[in-house]
Amino acid sequence: MPSRILLACLVAPGLLGAQAPAAVQAERADYAQWLRTSPSSPYAAVFHGPLSGDLVFGPDGPAALRGAPTATLSRGVRGLALRTGDGRRSVPRNRDVALGDWRLRVTSSPRGDIVTVFAPLSRKVDHPGWFPYRPDLVVVGALRPPDRPAERRMLGLDGVEVSASLAGTFTGRVLDQNVTLAAYRVPIPGSEEAEVTVFFRDGTSGVETYPPGRFVALQPLGGARYRLDLNRARNPFCAYNPRFPCPLPWPGNTLRLRVEAGELYEPYHD
Amino acid sequence: MTDSSLRSCVRPVGALALCVLVGAITATGAAGQEGLGGRWRAQLDLAGGPLRFHMELSTRGDTTGVLCNGPKCDPFSAVRPLPGDSVLLEIGDYAAAIRAHVGADSLVGFYRNVGNRGPRTIPFRAARGSWPVQVPAPSLTGRWDAIFTPDASPSPRVLELRGTERGLEGTVISNTGDSGLFWGGAADGTFVMSHFDGSFVYMLTGELDGDTLRGIFHAGLTSQRPFVAVRSTGAAHLKAPTEMVEVDTAAAFQWDFPDLDGNLVSNGDERFRGKVVIVEIFGTWCPTCHDAAPTMVELYDRFRDRGLEVVGLAYEVTGDPAVDGALVRRFAEKFGIEYPLLLAGVNDDDSPRETQPQLDGPIAFPTTLFLDASGRVRRVHSGFYGPALGEAHEELEQEFMDFTDELLKEAGR
């Protein structure tokens, strides 16, 4: 992985980076552990797509699902159900269901149900990590509400479409430049939560970081003030695994500077 | 009764509700953790301010503990000592935990849970003792008609705020149910109240501005929705409980679901044919369904000799008949339920609607359907007024009794 070696040389700890706050360190350790070990890590996904008709697991199913225990996922008059040799069980949306060592998840979206199937991880996950922490890439700015309400369908972090409302325009100074970024309230399916989120590109996109961009949630500070902590910029799931669809860059959200903070990217390989 | 006193359950996400947890608190070798015992005032440091709650830990025998939102306490599923003077407080059924370093009189660490997008952490702190009691002024308490995110996608809610000897208590009610008990306090026209049960991280903050309440509904670490509210006039703000769902009354109401032994039970069975039937849509995870169960049992006991049948349609958490069946059996034993309880589906946003094609609209938990002898729905009631609502509860029980009696008389029973 030459890009990583080069990067490690360029940003050797102590040269550019500062000690990350405990909360950021804890978040990163926890997230990396989850990516490496969770049975529903995005790295473990072998299938992601709309549920149209029956989805067959096992020898008679599509190639990606042939190694799974025999089962059929279908939507009928008694709801979403998984039929196995042991019988029928209802399948809840937005929660993982075990199928032997495999996992499946049905997520509701404005266009219908999306199925994600996870196989046991058979390879070591090599998460590329993060840029060293940069305190100067934590900026406080203002969120100006939109002139009029606007809703937009978009892909969320996990490649599932959501209906997000425009939260406004964030303005602040990043590395001595004025920046303006559109921010949306992006709902988390099945919960009351909707973080004010920015999806942005910058000079590192396609070099050290994921080409279409990275997500970062704004942290409210009261009133119209928000903190943009670019050290918390994270990849959409498609950066880990091409089975997830990728959000398109948000118009106007390209920064004319290099944000050397947040999550790095390493091209996917099976 | 007004629509704004509706109580029902918002479906939990990702795990069983704590209301179905029973005991099973364990700890292995609590050596070195003796100092943990006692009452702790705890907080999660959300972006919008501290979310307050209490913890009671005991080091007699195994270390055990409960997590309390005001008067409502639920047990930690385990309290485990960790190397380096740390402790793990597990909220097992939510795949959530608090991990903290134990100081002389403090706990400092993180609350963590795992969602579909990975783990999330929120800073946590605790100190010995209790939060001060801040009883709200009468000008703050009562029922408020609120609009969430008035400038973006307006959404109606009702806020119920009560002053108690513990401070400020209440709930947030939407057209699909309530968000559980909130607890907090108020001073100088401002208030903060929260609901943290290990899975949901909700906080409501606000202030009285003349006759208007302005504030923010916080969910999770950073999610915030502004709201404005005015005092309820009694006029409908949310949909009435009898109007939330539209029912297809052109045909008999149909169901066909397995009972706890796996036998399919349907509306066409001899047991139900030609009879007045009450159909209760419920979930064992739903506290308001627990409130409603004694009323259903009383209706059945009082009118079964005149031919009334009751059937419960359970929407549970996992969809696994073995797991869900055990929860429903426990529910039946708890309330002495003798009518059939069926496993109808899971409690996600879509399953109840999918499996009840004759109901159009958000299905609250519980929802009670009254069927006449022809099998058609004659009345539907979304939610339930529990005993905590006093007179409203008694009035609703009486309404249910009177309407059942009327249907039975109509059927010549």
# chains A, B, ... in the order shown; residues from 1 in each chain; ligands from 1
>>> residues_around(residues="B:Val114", least_positions_apart="6", cutoff="8 Å", atoms="only C-alpha atoms", output="list in words")
Ala95, Ala96 and Arg120 of chain B
>>> interface_residues(of="chain A", to="chain B", cutoff="7 Å", atoms="only C-alpha atoms", output="ChimeraX atom specification")
/A:27,30-31,34,77-79,89-93,95,149,158,165,190-196,219-222
>>> select_by_dssp(residues="stretch 25-92 of chain A", states="helix (DSSP H, G or I)", output="MDAnalysis selection string")
chainID A and resid 25:37 42:44 63:65
>>> write_last_selection(atoms="N, CA, C and O atoms", output="mmCIF file, in the first residue's frame")
data_model
loop_
_atom_site.group_PDB
_atom_site.id
_atom_site.type_symbol
_atom_site.label_atom_id
_atom_site.label_comp_id
_atom_site.auth_asym_id
_atom_site.auth_seq_id
_atom_site.Cartn_x
_atom_site.Cartn_y
_atom_site.Cartn_z
ATOM 1 N N GLN A 25 -10.261 9.861 20.398
ATOM 2 C CA GLN A 25 -9.499 8.603 20.452
ATOM 3 C C GLN A 25 -10.440 7.420 20.701
ATOM 4 O O GLN A 25 -10.324 6.375 20.061
ATOM 5 N N ALA A 26 -11.354 7.598 21.651
ATOM 6 C CA ALA A 26 -12.286 6.515 21.988
ATOM 7 C C ALA A 26 -13.173 6.194 20.791
ATOM 8 O O ALA A 26 -13.394 5.022 20.457
ATOM 9 N N GLU A 27 -13.669 7.218 20.133
ATOM 10 C CA GLU A 27 -14.527 7.010 18.957
ATOM 11 C C GLU A 27 -13.784 6.212 17.883
ATOM 12 O O GLU A 27 -14.329 5.271 17.298
ATOM 13 N N ARG A 28 -12.542 6.615 17.643
ATOM 14 C CA ARG A 28 -11.791 5.973 16.557
ATOM 15 C C ARG A 28 -11.471 4.520 16.888
ATOM 16 O O ARG A 28 -11.603 3.640 16.028
ATOM 17 N N ALA A 29 -11.057 4.278 18.122
ATOM 18 C CA ALA A 29 -10.720 2.898 18.508
ATOM 19 C C ALA A 29 -11.954 2.006 18.403
ATOM 20 O O ALA A 29 -11.898 0.875 17.895
ATOM 21 N N ASP A 30 -13.061 2.549 18.872
ATOM 22 C CA ASP A 30 -14.296 1.786 18.878
ATOM 23 C C ASP A 30 -14.765 1.488 17.453
ATOM 24 O O ASP A 30 -15.200 0.377 17.134
ATOM 25 N N TYR A 31 -14.657 2.488 16.608
ATOM 26 C CA TYR A 31 -15.124 2.336 15.232
ATOM 27 C C TYR A 31 -14.250 1.342 14.463
ATOM 28 O O TYR A 31 -14.761 0.468 13.751
ATOM 29 N N ALA A 32 -12.941 1.446 14.658
ATOM 30 C CA ALA A 32 -12.036 0.522 13.962
ATOM 31 C C ALA A 32 -12.284 -0.919 14.420
ATOM 32 O O ALA A 32 -12.288 -1.854 13.610
ATOM 33 N N GLN A 33 -12.508 -1.074 15.710
ATOM 34 C CA GLN A 33 -12.798 -2.410 16.258
ATOM 35 C C GLN A 33 -14.083 -2.961 15.640
ATOM 36 O O GLN A 33 -14.169 -4.127 15.257
ATOM 37 N N TRP A 34 -15.079 -2.101 15.532
ATOM 38 C CA TRP A 34 -16.368 -2.521 14.948
ATOM 39 C C TRP A 34 -16.176 -2.915 13.480
ATOM 40 O O TRP A 34 -16.697 -3.943 13.042
ATOM 41 N N LEU A 35 -15.415 -2.125 12.742
ATOM 42 C CA LEU A 35 -15.175 -2.463 11.333
ATOM 43 C C LEU A 35 -14.462 -3.806 11.200
ATOM 44 O O LEU A 35 -14.743 -4.588 10.303
ATOM 45 N N ARG A 36 -13.551 -4.077 12.128
ATOM 46 C CA ARG A 36 -12.754 -5.310 12.033
ATOM 47 C C ARG A 36 -13.513 -6.545 12.470
ATOM 48 O O ARG A 36 -13.305 -7.624 11.934
ATOM 49 N N THR A 37 -14.411 -6.393 13.457
ATOM 50 C CA THR A 37 -14.941 -7.594 14.107
ATOM 51 C C THR A 37 -16.452 -7.771 14.043
ATOM 52 O O THR A 37 -16.939 -8.873 14.290
ATOM 53 N N PRO A 42 -19.494 -3.158 7.504
ATOM 54 C CA PRO A 42 -19.671 -2.957 6.054
ATOM 55 C C PRO A 42 -18.679 -3.765 5.221
ATOM 56 O O PRO A 42 -18.977 -4.130 4.079
ATOM 57 N N TYR A 43 -17.530 -4.075 5.788
ATOM 58 C CA TYR A 43 -16.569 -4.911 5.056
ATOM 59 C C TYR A 43 -17.133 -6.321 4.830
ATOM 60 O O TYR A 43 -16.678 -7.039 3.946
ATOM 61 N N ALA A 44 -18.090 -6.746 5.670
ATOM 62 C CA ALA A 44 -18.620 -8.110 5.585
ATOM 63 C C ALA A 44 -19.806 -8.225 4.628
ATOM 64 O O ALA A 44 -20.319 -9.326 4.404
ATOM 65 N N ALA A 63 -25.251 -15.732 -6.820
ATOM 66 C CA ALA A 63 -23.884 -16.176 -6.494
ATOM 67 C C ALA A 63 -23.427 -15.676 -5.125
ATOM 68 O O ALA A 63 -22.821 -16.424 -4.357
ATOM 69 N N ALA A 64 -23.748 -14.434 -4.813
ATOM 70 C CA ALA A 64 -23.247 -13.866 -3.556
ATOM 71 C C ALA A 64 -23.820 -14.550 -2.331
ATOM 72 O O ALA A 64 -23.242 -14.466 -1.250
ATOM 73 N N LEU A 65 -24.967 -15.212 -2.500
ATOM 74 C CA LEU A 65 -25.653 -15.780 -1.337
ATOM 75 C C LEU A 65 -25.577 -17.305 -1.306
ATOM 76 O O LEU A 65 -26.222 -17.940 -0.472
#
>>> closest_residue(among="B:Gly375, B:Gly185, B:Gly283, B:Gly307", to="B:Arg330", atoms="only C-alpha atoms")
B:Gly283
>>> residues_around(residues="A:Gly112", least_positions_apart="3", cutoff="10 Å", atoms="only C-alpha atoms", output="number ranges by chain")
A: 50-52, 106-109, 115, 161
>>> write_last_selection(atoms="N, CA and C atoms", output="PDB file, in the first residue's frame")
ATOM      1  N   PRO A  50     -32.363  -3.607  -3.505  1.00  0.00           N
ATOM      2  CA  PRO A  50     -33.789  -3.572  -3.182  1.00  0.00           C
ATOM      3  C   PRO A  50     -34.374  -4.978  -3.096  1.00  0.00           C
ATOM      4  N   LEU A  51     -35.379  -5.132  -2.253  1.00  0.00           N
ATOM      5  CA  LEU A  51     -36.074  -6.413  -2.155  1.00  0.00           C
ATOM      6  C   LEU A  51     -37.211  -6.395  -3.168  1.00  0.00           C
ATOM      7  N   SER A  52     -37.029  -7.132  -4.247  1.00  0.00           N
ATOM      8  CA  SER A  52     -38.084  -7.209  -5.258  1.00  0.00           C
ATOM      9  C   SER A  52     -38.354  -8.690  -5.471  1.00  0.00           C
ATOM     10  N   VAL A 106     -32.923  -5.617   6.769  1.00  0.00           N
ATOM     11  CA  VAL A 106     -33.817  -4.941   5.829  1.00  0.00           C
ATOM     12  C   VAL A 106     -34.015  -3.518   6.347  1.00  0.00           C
ATOM     13  N   THR A 107     -33.683  -2.556   5.521  1.00  0.00           N
ATOM     14  CA  THR A 107     -33.800  -1.155   5.926  1.00  0.00           C
ATOM     15  C   THR A 107     -34.889  -0.500   5.103  1.00  0.00           C
ATOM     16  N   SER A 108     -35.764   0.239   5.787  1.00  0.00           N
ATOM     17  CA  SER A 108     -36.832   0.914   5.051  1.00  0.00           C
ATOM     18  C   SER A 108     -36.276   2.196   4.424  1.00  0.00           C
ATOM     19  N   SER A 109     -36.728   2.478   3.227  1.00  0.00           N
ATOM     20  CA  SER A 109     -36.315   3.712   2.547  1.00  0.00           C
ATOM     21  C   SER A 109     -37.513   4.238   1.770  1.00  0.00           C
ATOM     22  N   VAL A 115     -32.215  -4.574   1.184  1.00  0.00           N
ATOM     23  CA  VAL A 115     -31.655  -5.724   1.914  1.00  0.00           C
ATOM     24  C   VAL A 115     -30.135  -5.659   1.864  1.00  0.00           C
ATOM     25  N   GLU A 161     -31.245   5.204   0.834  1.00  0.00           N
ATOM     26  CA  GLU A 161     -31.831   6.505   0.539  1.00  0.00           C
ATOM     27  C   GLU A 161     -32.686   6.992   1.696  1.00  0.00           C
TER      28      GLU A 161
END
>>> atom_distance(atom1="atom CA of B:Arg166", atom2="atom CA of B:Ser130")
10.8 Å
>>> atom_distance(atom1="atom CA of A:Pro145", atom2="atom CA of A:Val216")
18.3 Å
>>> residues_around(residues="A:Trp102", least_positions_apart="2", cutoff="10 Å", atoms="only C-alpha atoms", output="list in words")
Pro39, Ser40, Ala44, Ala45, Leu65, Gly67, Ala68, Pro69, Asp96, Val97, Ala98, Leu99, Gly100, Leu104, Val117, Phe118, Ala119, Pro120 and Leu121 of chain A
